[in-house]
>>> print(open('entry27.pdb').read())   # PDB, C-alpha atoms and all ligand atoms
ATOM      1  CA  MET Z   1      41.442   3.599 -45.103
ATOM      2  CA  SER Z   2      39.225   6.028 -43.218
ATOM      3  CA  ARG Z   3      35.477   5.845 -43.596
ATOM      4  CA  PRO Z   4      33.673   8.963 -44.836
ATOM      5  CA  PRO Z   5      31.609  10.492 -42.012
ATOM      6  CA  GLY Z   6      27.931   9.537 -41.978
ATOM      7  CA  ARG Z   7      28.576   6.208 -43.664
ATOM      8  CA  LYS Z   8      27.850   4.117 -40.553
ATOM      9  CA  GLN Z   9      24.597   5.996 -39.928
ATOM     10  CA  ASP Z  10      23.581   5.441 -43.560
ATOM     11  CA  SER Z  11      24.216   1.707 -43.354
ATOM     12  CA  HIS Z  12      22.204   1.498 -40.102
ATOM     13  CA  LYS Z  13      19.366   3.341 -41.830
ATOM     14  CA  ILE Z  14      19.501   0.983 -44.795
ATOM     15  CA  SER Z  15      19.519  -2.131 -42.619
ATOM     16  CA  ARG Z  16      16.616  -0.764 -40.558
ATOM     17  CA  GLU Z  17      14.662  -0.045 -43.735
ATOM     18  CA  LEU Z  18      15.465  -3.513 -45.022
ATOM     19  CA  PHE Z  19      14.297  -4.996 -41.716
ATOM     20  CA  VAL Z  20      11.044  -2.996 -41.814
ATOM     21  CA  LEU Z  21      10.366  -3.990 -45.416
ATOM     22  CA  THR Z  22      11.177  -7.627 -44.664
ATOM     23  CA  TYR Z  23       8.786  -7.521 -41.719
ATOM     24  CA  GLY Z  24       6.081  -6.173 -44.028
ATOM     25  CA  ALA Z  25       6.722  -9.035 -46.450
ATOM     26  CA  LEU Z  26       6.415 -11.517 -43.576
ATOM     27  CA  VAL Z  27       3.057 -10.097 -42.475
ATOM     28  CA  ALA Z  28       1.830 -10.045 -46.096
ATOM     29  CA  GLN Z  29       2.800 -13.703 -46.519
ATOM     30  CA  LEU Z  30       1.050 -14.711 -43.284
ATOM     31  CA  CYS Z  31      -2.066 -12.880 -44.483
ATOM     32  CA  LYS Z  32      -1.961 -15.057 -47.599
ATOM     33  CA  ASP Z  33      -1.429 -18.198 -45.520
ATOM     34  CA  TYR Z  34      -4.144 -17.525 -42.943
ATOM     35  CA  GLU Z  35      -7.635 -16.341 -43.580
ATOM     36  CA  LYS Z  36      -8.366 -15.240 -40.004
ATOM     37  CA  ASP Z  37      -6.621 -12.201 -38.517
ATOM     38  CA  GLU Z  38      -6.489 -13.993 -35.158
ATOM     39  CA  ASP Z  39      -4.353 -16.755 -36.691
ATOM     40  CA  VAL Z  40      -1.941 -14.218 -38.206
ATOM     41  CA  ASN Z  41      -1.760 -12.411 -34.852
ATOM     42  CA  SER Z  42      -1.057 -15.627 -33.001
ATOM     43  CA  CYS Z  43       1.600 -16.670 -35.514
ATOM     44  CA  LEU Z  44       3.368 -13.295 -35.206
ATOM     45  CA  ASP Z  45       3.241 -13.554 -31.408
ATOM     46  CA  LYS Z  46       4.762 -17.055 -31.488
ATOM     47  CA  MET Z  47       7.504 -15.989 -33.872
ATOM     48  CA  GLY Z  48       8.231 -12.973 -31.686
ATOM     49  CA  TYR Z  49       8.399 -15.194 -28.608
ATOM     50  CA  GLY Z  50      11.048 -17.325 -30.326
ATOM     51  CA  ILE Z  51      13.023 -14.175 -31.120
ATOM     52  CA  GLY Z  52      12.622 -12.791 -27.590
ATOM     53  CA  VAL Z  53      14.001 -15.882 -25.846
ATOM     54  CA  ARG Z  54      17.158 -15.502 -27.945
ATOM     55  CA  LEU Z  55      17.319 -11.721 -28.009
ATOM     56  CA  ILE Z  56      17.594 -11.447 -24.224
ATOM     57  CA  ASP Z  57      21.178 -12.769 -24.296
ATOM     58  CA  ASP Z  58      22.164 -10.148 -26.842
ATOM     59  CA  PHE Z  59      20.353  -7.476 -24.846
ATOM     60  CA  LEU Z  60      22.025  -8.354 -21.536
ATOM     61  CA  ALA Z  61      25.435  -8.667 -23.208
ATOM     62  CA  HIS Z  62      25.268  -5.293 -24.965
ATOM     63  CA  SER Z  63      23.211  -3.091 -22.677
ATOM     64  CA  ASP Z  64      25.235  -3.278 -19.475
ATOM     65  CA  VAL Z  65      22.016  -3.125 -17.431
ATOM     66  CA  LYS Z  66      21.693  -4.183 -13.810
ATOM     67  CA  ARG Z  67      18.989  -6.366 -12.321
ATOM     68  CA  CYS Z  68      15.699  -4.522 -11.991
ATOM     69  CA  ARG Z  69      14.209  -4.227  -8.500
ATOM     70  CA  SER Z  70      10.636  -3.588  -9.523
ATOM     71  CA  TYR Z  71       8.188  -4.067 -12.392
ATOM     72  CA  SER Z  72       8.371  -0.322 -12.908
ATOM     73  CA  GLU Z  73      12.140  -0.442 -13.435
ATOM     74  CA  THR Z  74      11.712  -3.334 -15.859
ATOM     75  CA  ALA Z  75       9.086  -1.448 -17.876
ATOM     76  CA  ASP Z  76      11.371   1.609 -18.005
ATOM     77  CA  MET Z  77      14.269  -0.539 -19.114
ATOM     78  CA  ILE Z  78      12.245  -2.091 -21.918
ATOM     79  CA  ALA Z  79      11.203   1.345 -23.158
ATOM     80  CA  GLN Z  80      14.359   3.366 -22.610
ATOM     81  CA  VAL Z  81      17.051   0.790 -23.294
ATOM     82  CA  ALA Z  82      15.634  -2.114 -25.338
ATOM     83  CA  PHE Z  83      13.342  -0.168 -27.691
ATOM     84  CA  LYS Z  84      16.021   2.471 -28.195
ATOM     85  CA  MET Z  85      18.617  -0.200 -28.897
ATOM     86  CA  TYR Z  86      16.621  -2.290 -31.356
ATOM     87  CA  LEU Z  87      14.077   0.099 -32.870
ATOM     88  CA  GLY Z  88      15.649   3.513 -32.310
ATOM     89  CA  VAL Z  89      12.605   4.899 -30.471
ATOM     90  CA  THR Z  90      11.798   5.464 -26.805
ATOM     91  CA  PRO Z  91       8.159   4.865 -25.858
ATOM     92  CA  SER Z  92       6.807   6.688 -22.830
ATOM     93  CA  VAL Z  93       5.799   4.462 -19.921
ATOM     94  CA  SER Z  94       2.846   4.739 -17.608
ATOM     95  CA  CYS Z  95       1.656   2.467 -14.847
ATOM     96  CA  SER Z  96      -2.005   1.667 -15.282
ATOM     97  CA  SER Z  97      -2.903  -0.344 -12.167
ATOM     98  CA  ALA Z  98      -3.008   0.317  -8.458
ATOM     99  CA  ALA Z  99      -1.296  -3.059  -7.922
ATOM    100  CA  GLY Z 100       1.703  -1.746  -9.861
ATOM    101  CA  ASN Z 101       1.939  -4.646 -12.287
ATOM    102  CA  GLU Z 102       0.296  -3.174 -15.403
ATOM    103  CA  PHE Z 103       2.149  -0.795 -17.669
ATOM    104  CA  SER Z 104       1.581   0.912 -20.983
ATOM    105  CA  LEU Z 105       4.269   1.693 -23.495
ATOM    106  CA  ILE Z 106       3.071   4.558 -25.681
ATOM    107  CA  LEU Z 107       4.727   4.871 -29.045
ATOM    108  CA  ASP Z 108       4.393   8.185 -30.839
ATOM    109  CA  LYS Z 109       6.414   6.733 -33.648
ATOM    110  CA  ASN Z 110       6.505   3.093 -34.625
ATOM    111  CA  PRO Z 111       9.277   2.367 -37.120
ATOM    112  CA  LEU Z 112       7.793  -1.037 -38.004
ATOM    113  CA  VAL Z 113       4.939   0.707 -39.827
ATOM    114  CA  ASP Z 114       7.048   3.267 -41.692
ATOM    115  CA  PHE Z 115       5.895   1.908 -45.036
ATOM    116  CA  VAL Z 116       2.324   1.036 -44.094
ATOM    117  CA  GLU Z 117      -0.426   3.541 -44.870
ATOM    118  CA  GLU Z 118      -3.384   1.699 -43.355
ATOM    119  CA  LEU Z 119      -4.741  -1.799 -42.868
ATOM    120  CA  PRO Z 120      -6.985  -3.148 -45.607
ATOM    121  CA  ALA Z 121     -10.671  -3.071 -44.603
ATOM    122  CA  GLU Z 122     -10.850  -6.884 -44.603
ATOM    123  CA  ARG Z 123      -7.939  -7.055 -42.134
ATOM    124  CA  ALA Z 124      -9.463  -4.856 -39.443
ATOM    125  CA  SER Z 125      -8.480  -7.192 -36.571
ATOM    126  CA  LEU Z 126      -4.890  -7.643 -37.670
ATOM    127  CA  CYS Z 127      -2.311  -6.661 -35.049
ATOM    128  CA  TYR Z 128       0.316  -5.762 -37.603
ATOM    129  CA  CYS Z 129       3.125  -5.430 -35.055
ATOM    130  CA  ASN Z 130       2.105  -8.364 -32.857
ATOM    131  CA  LEU Z 131       5.610  -9.786 -33.226
ATOM    132  CA  LEU Z 132       6.735  -7.131 -30.718
ATOM    133  CA  CYS Z 133       4.398  -8.529 -28.053
ATOM    134  CA  GLY Z 134       5.915 -11.977 -28.461
ATOM    135  CA  VAL Z 135       9.460 -10.565 -28.362
ATOM    136  CA  ILE Z 136       8.807  -8.774 -25.071
ATOM    137  CA  ARG Z 137       7.011 -11.795 -23.560
ATOM    138  CA  GLY Z 138       9.792 -14.194 -24.600
ATOM    139  CA  ALA Z 139      12.594 -11.934 -23.343
ATOM    140  CA  LEU Z 140      10.863 -11.390 -20.003
ATOM    141  CA  GLU Z 141      10.265 -15.095 -19.526
ATOM    142  CA  MET Z 142      14.017 -15.670 -19.806
ATOM    143  CA  VAL Z 143      14.553 -13.437 -16.777
ATOM    144  CA  HIS Z 144      11.784 -15.292 -14.920
ATOM    145  CA  LEU Z 145       9.113 -12.683 -15.424
ATOM    146  CA  ALA Z 146       5.837 -14.015 -16.745
ATOM    147  CA  ALA Z 147       3.837 -11.357 -18.533
ATOM    148  CA  GLU Z 148       0.891 -10.827 -20.836
ATOM    149  CA  VAL Z 149       1.714  -8.418 -23.621
ATOM    150  CA  THR Z 150      -0.887  -7.059 -26.034
ATOM    151  CA  PHE Z 151      -1.627  -4.085 -28.235
ATOM    152  CA  LEU Z 152      -4.179  -1.867 -26.523
ATOM    153  CA  GLN Z 153      -4.240   0.872 -29.166
ATOM    154  CA  ASP Z 154      -2.886   1.051 -32.675
ATOM    155  CA  ARG Z 155      -2.537   4.088 -34.913
ATOM    156  CA  LEU Z 156      -2.940   1.767 -37.890
ATOM    157  CA  LYS Z 157      -6.484   1.170 -36.641
ATOM    158  CA  GLY Z 158      -7.232   4.852 -36.264
ATOM    159  CA  ASP Z 159      -6.299   5.204 -32.584
ATOM    160  CA  ALA Z 160      -4.533   8.388 -31.530
ATOM    161  CA  VAL Z 161      -1.436   6.516 -30.362
ATOM    162  CA  THR Z 162       0.043   3.060 -30.425
ATOM    163  CA  GLU Z 163      -0.015   1.473 -26.973
ATOM    164  CA  ILE Z 164       1.440  -1.825 -25.847
ATOM    165  CA  GLY Z 165       0.135  -3.167 -22.553
ATOM    166  CA  ILE Z 166       2.373  -5.264 -20.313
ATOM    167  CA  THR Z 167       0.810  -7.071 -17.370
ATOM    168  CA  PHE Z 168       3.339  -8.751 -15.119
ATOM    169  CA  LEU Z 169       1.884 -11.938 -13.728
ATOM    170  CA  ARG Z 170       2.683 -13.253 -10.302
ATOM    171  CA  LYS Z 171       5.939 -15.204 -10.201
ATOM    172  CA  ALA Z 172       5.745 -18.970  -9.605
ATOM    173  CA  GLU Z 173       7.789 -18.518  -6.368
ATOM    174  CA  ASP Z 174       5.282 -15.923  -5.075
ATOM    175  CA  LYS Z 175       2.459 -18.395  -5.482
ATOM    176  CA  LYS Z 176       4.365 -21.148  -3.637
ATOM    177  CA  ALA Z 177       5.279 -18.748  -0.825
ATOM    178  CA  LYS Z 178       1.615 -17.755  -0.405
ATOM    179  CA  LYS Z 179       0.470 -21.385  -0.069
ATOM    180  CA  LYS Z 180       2.872 -22.106   2.837
TER
HETATM  181  C1  LIG L 201      16.599  -8.040 -15.025
HETATM  182  O1  LIG L 201      15.988  -7.544 -14.092
HETATM  183  O2  LIG L 201      17.135  -9.143 -14.939
HETATM  184  C2  LIG L 201      16.715  -7.300 -16.324
HETATM  185  C3  LIG L 201      15.402  -7.362 -17.047
HETATM  186  C4  LIG L 201      15.587  -6.999 -18.485
HETATM  187  C5  LIG L 201      14.338  -7.213 -19.275
HETATM  188  C6  LIG L 201      14.591  -6.792 -20.660
HETATM  189  C7  LIG L 201      13.537  -7.233 -21.604
HETATM  190  C8  LIG L 201      13.965  -6.893 -23.005
HETATM  191  C9  LIG L 201      12.803  -6.860 -23.943
HETATM  192  C10 LIG L 201      13.257  -6.656 -25.344
HETATM  193  C11 LIG L 201      12.213  -5.944 -26.137
HETATM  194  C12 LIG L 201      12.703  -5.536 -27.495
HETATM  195  C13 LIG L 201      11.642  -4.803 -28.239
HETATM  196  C14 LIG L 201      12.126  -4.252 -29.531
END
>>> encode(input="entry27.pdb", output="structure tokens", more="lines below")
Ligand code: MYR
Amino acid sequence: MSRPPGRKQDSHKISRELFVLTYGALVAQLCKDYEKDEDVNSCLDKMGYGIGVRLIDDFLAHSDVKRCRSYSETADMIAQVAFKMYLGVTPSVSCSSAAGNEFSLILDKNPLVDFVEELPAERASLCYCNLLCGVIRGALEMVHLAAEVTFLQDRLKGDAVTEIGITFLRKAEDKKAKKK
């Protein structure tokens, strides 16, 4: 039996909406469980890390990407391939350090907050989407790239854009090589 056109797109939309709503329920539950925003943020980051270390296999299996030769290529791949694949958006990328290891992903649209108007006043330090930082950190670690990933700006907090900062840290091998 043939499928009516548009059906697949509809089901993707529904599952994305379900995912976004489920994510909101998760954050709401963590806010009940933890009084301090910092604890919620850290919990989301840890959960994201656990997802990232598993997600990388799926990403490499389905994206057909080659090994990146620079931090810049890796940042572009995260924005153009991974974000597009899993969230349906493509952040713009800019390098923010002379050393070439710090990048910003700027999201004009963040699907994870589709149903969120604003953060409650008593949750001003909440990084609502902190799970994403953990996902990126965990995935990168699996390809031997240590990185710090944090939200630098957040539209939910009144900033003009949402910006995720990725700082690639020196690889363990680089440090050993320098000591010799
Ligand atoms: C390589 O050089 O071996 C490839 C590096 C690929 C890194 C891909 C990291 C994926 C991050 C997933 C983020 C998903 C966010 C929704």
>>> closest_residue(input="entry27.pdb", among="Z:Thr22, Z:Asn41, Z:Ser70, Z:Ser15", to="ligand LIG 201 (chain L)", atoms="all atoms listed in the file")
Z:Ser70
>>> closest_residue(input="entry27.pdb", among="Z:Leu18, Z:Ala98, Z:Met85, Z:Leu156", to="Asn110 in chain Z", atoms="all atoms listed in the file")
Z:Leu156
>>> residues_near_ligand(input="entry27.pdb", ligand="ligand LIG 201 (chain L)", cutoff="8 Å", atoms="only C-alpha atoms and all ligand atoms", output="list of chain:residue names")
Z:Gly52, Z:Leu55, Z:Ile56, Z:Phe59, Z:Leu60, Z:Val65, Z:Lys66, Z:Arg67, Z:Cys68, Z:Arg69, Z:Thr74, Z:Ala75, Z:Met77, Z:Ile78, Z:Ala79, Z:Ala82, Z:Phe83, Z:Lys84, Z:Met85, Z:Tyr86, Z:Leu87, Z:Leu132, Z:Val135, Z:Ile136, Z:Arg137, Z:Gly138, Z:Ala139, Z:Leu140, Z:Val143
>>> residues_around(input="entry27.pdb", residues="Gly165 in chain Z", least_positions_apart="3", cutoff="12 Å", atoms="all atoms listed in the file", output="PDB file with C-alpha atoms, in the coordinates of the input")
ATOM      1  CA  ALA Z  75       9.086  -1.448 -17.876  1.00  0.00           C
ATOM      2  CA  ALA Z  79      11.203   1.345 -23.158  1.00  0.00           C
ATOM      3  CA  PRO Z  91       8.159   4.865 -25.858  1.00  0.00           C
ATOM      4  CA  SER Z  92       6.807   6.688 -22.830  1.00  0.00           C
ATOM      5  CA  VAL Z  93       5.799   4.462 -19.921  1.00  0.00           C
ATOM      6  CA  SER Z  94       2.846   4.739 -17.608  1.00  0.00           C
ATOM      7  CA  CYS Z  95       1.656   2.467 -14.847  1.00  0.00           C
ATOM      8  CA  SER Z  96      -2.005   1.667 -15.282  1.00  0.00           C
ATOM      9  CA  SER Z  97      -2.903  -0.344 -12.167  1.00  0.00           C
ATOM     10  CA  ASN Z 101       1.939  -4.646 -12.287  1.00  0.00           C
ATOM     11  CA  GLU Z 102       0.296  -3.174 -15.403  1.00  0.00           C
ATOM     12  CA  PHE Z 103       2.149  -0.795 -17.669  1.00  0.00           C
ATOM     13  CA  SER Z 104       1.581   0.912 -20.983  1.00  0.00           C
ATOM     14  CA  LEU Z 105       4.269   1.693 -23.495  1.00  0.00           C
ATOM     15  CA  ILE Z 106       3.071   4.558 -25.681  1.00  0.00           C
ATOM     16  CA  LEU Z 107       4.727   4.871 -29.045  1.00  0.00           C
ATOM     17  CA  ASN Z 130       2.105  -8.364 -32.857  1.00  0.00           C
ATOM     18  CA  LEU Z 132       6.735  -7.131 -30.718  1.00  0.00           C
ATOM     19  CA  CYS Z 133       4.398  -8.529 -28.053  1.00  0.00           C
ATOM     20  CA  ILE Z 136       8.807  -8.774 -25.071  1.00  0.00           C
ATOM     21  CA  ARG Z 137       7.011 -11.795 -23.560  1.00  0.00           C
ATOM     22  CA  ALA Z 147       3.837 -11.357 -18.533  1.00  0.00           C
ATOM     23  CA  GLU Z 148       0.891 -10.827 -20.836  1.00  0.00           C
ATOM     24  CA  VAL Z 149       1.714  -8.418 -23.621  1.00  0.00           C
ATOM     25  CA  THR Z 150      -0.887  -7.059 -26.034  1.00  0.00           C
ATOM     26  CA  PHE Z 151      -1.627  -4.085 -28.235  1.00  0.00           C
ATOM     27  CA  LEU Z 152      -4.179  -1.867 -26.523  1.00  0.00           C
ATOM     28  CA  GLN Z 153      -4.240   0.872 -29.166  1.00  0.00           C
ATOM     29  CA  ASP Z 154      -2.886   1.051 -32.675  1.00  0.00           C
ATOM     30  CA  THR Z 162       0.043   3.060 -30.425  1.00  0.00           C
ATOM     31  CA  PHE Z 168       3.339  -8.751 -15.119  1.00  0.00           C
TER      32      PHE Z 168
END
>>> resolve_selection(input="entry27.pdb", expression="the PyMOL selection byres (((chain Z and resi 42) around 12) and not hetatm)", output="list in words")
Val27, Leu30, Cys31, Tyr34, Lys36, Asp37, Glu38, Asp39, Val40, Asn41, Cys43, Leu44, Asp45, Lys46, Met47, Gly48, Tyr49, Ser125, Leu126, Cys127, Tyr128, Cys129, Asn130, Leu131, Leu132, Cys133, Gly134 and Thr150 of chain Z
>>> atom_distance(input="entry27.pdb", atom1="CA of Val89 in chain Z", atom2="CA of Ala146 in chain Z")
24.3 Å
>>> atom_distance(input="entry27.pdb", atom1="CA of Gly88 in chain Z", atom2="CA of Leu112 in chain Z")
10.7 Å
>>> atom_distance(input="entry27.pdb", atom1="CA of Lys157 in chain Z", atom2="CA of Thr90 in chain Z")
21.2 Å
>>> closest_residue(input="entry27.pdb", among="Z:Asp57, Z:Glu35, Z:Glu73, Z:Asp114", to="Val20 in chain Z", atoms="all atoms listed in the file")
Z:Asp114
>>> closest_residue(input="entry27.pdb", among="Z:Phe115, Z:Ile164, Z:Lys32, Z:Ala99", to="Arg16 in chain Z", atoms="all atoms listed in the file")
Z:Phe115
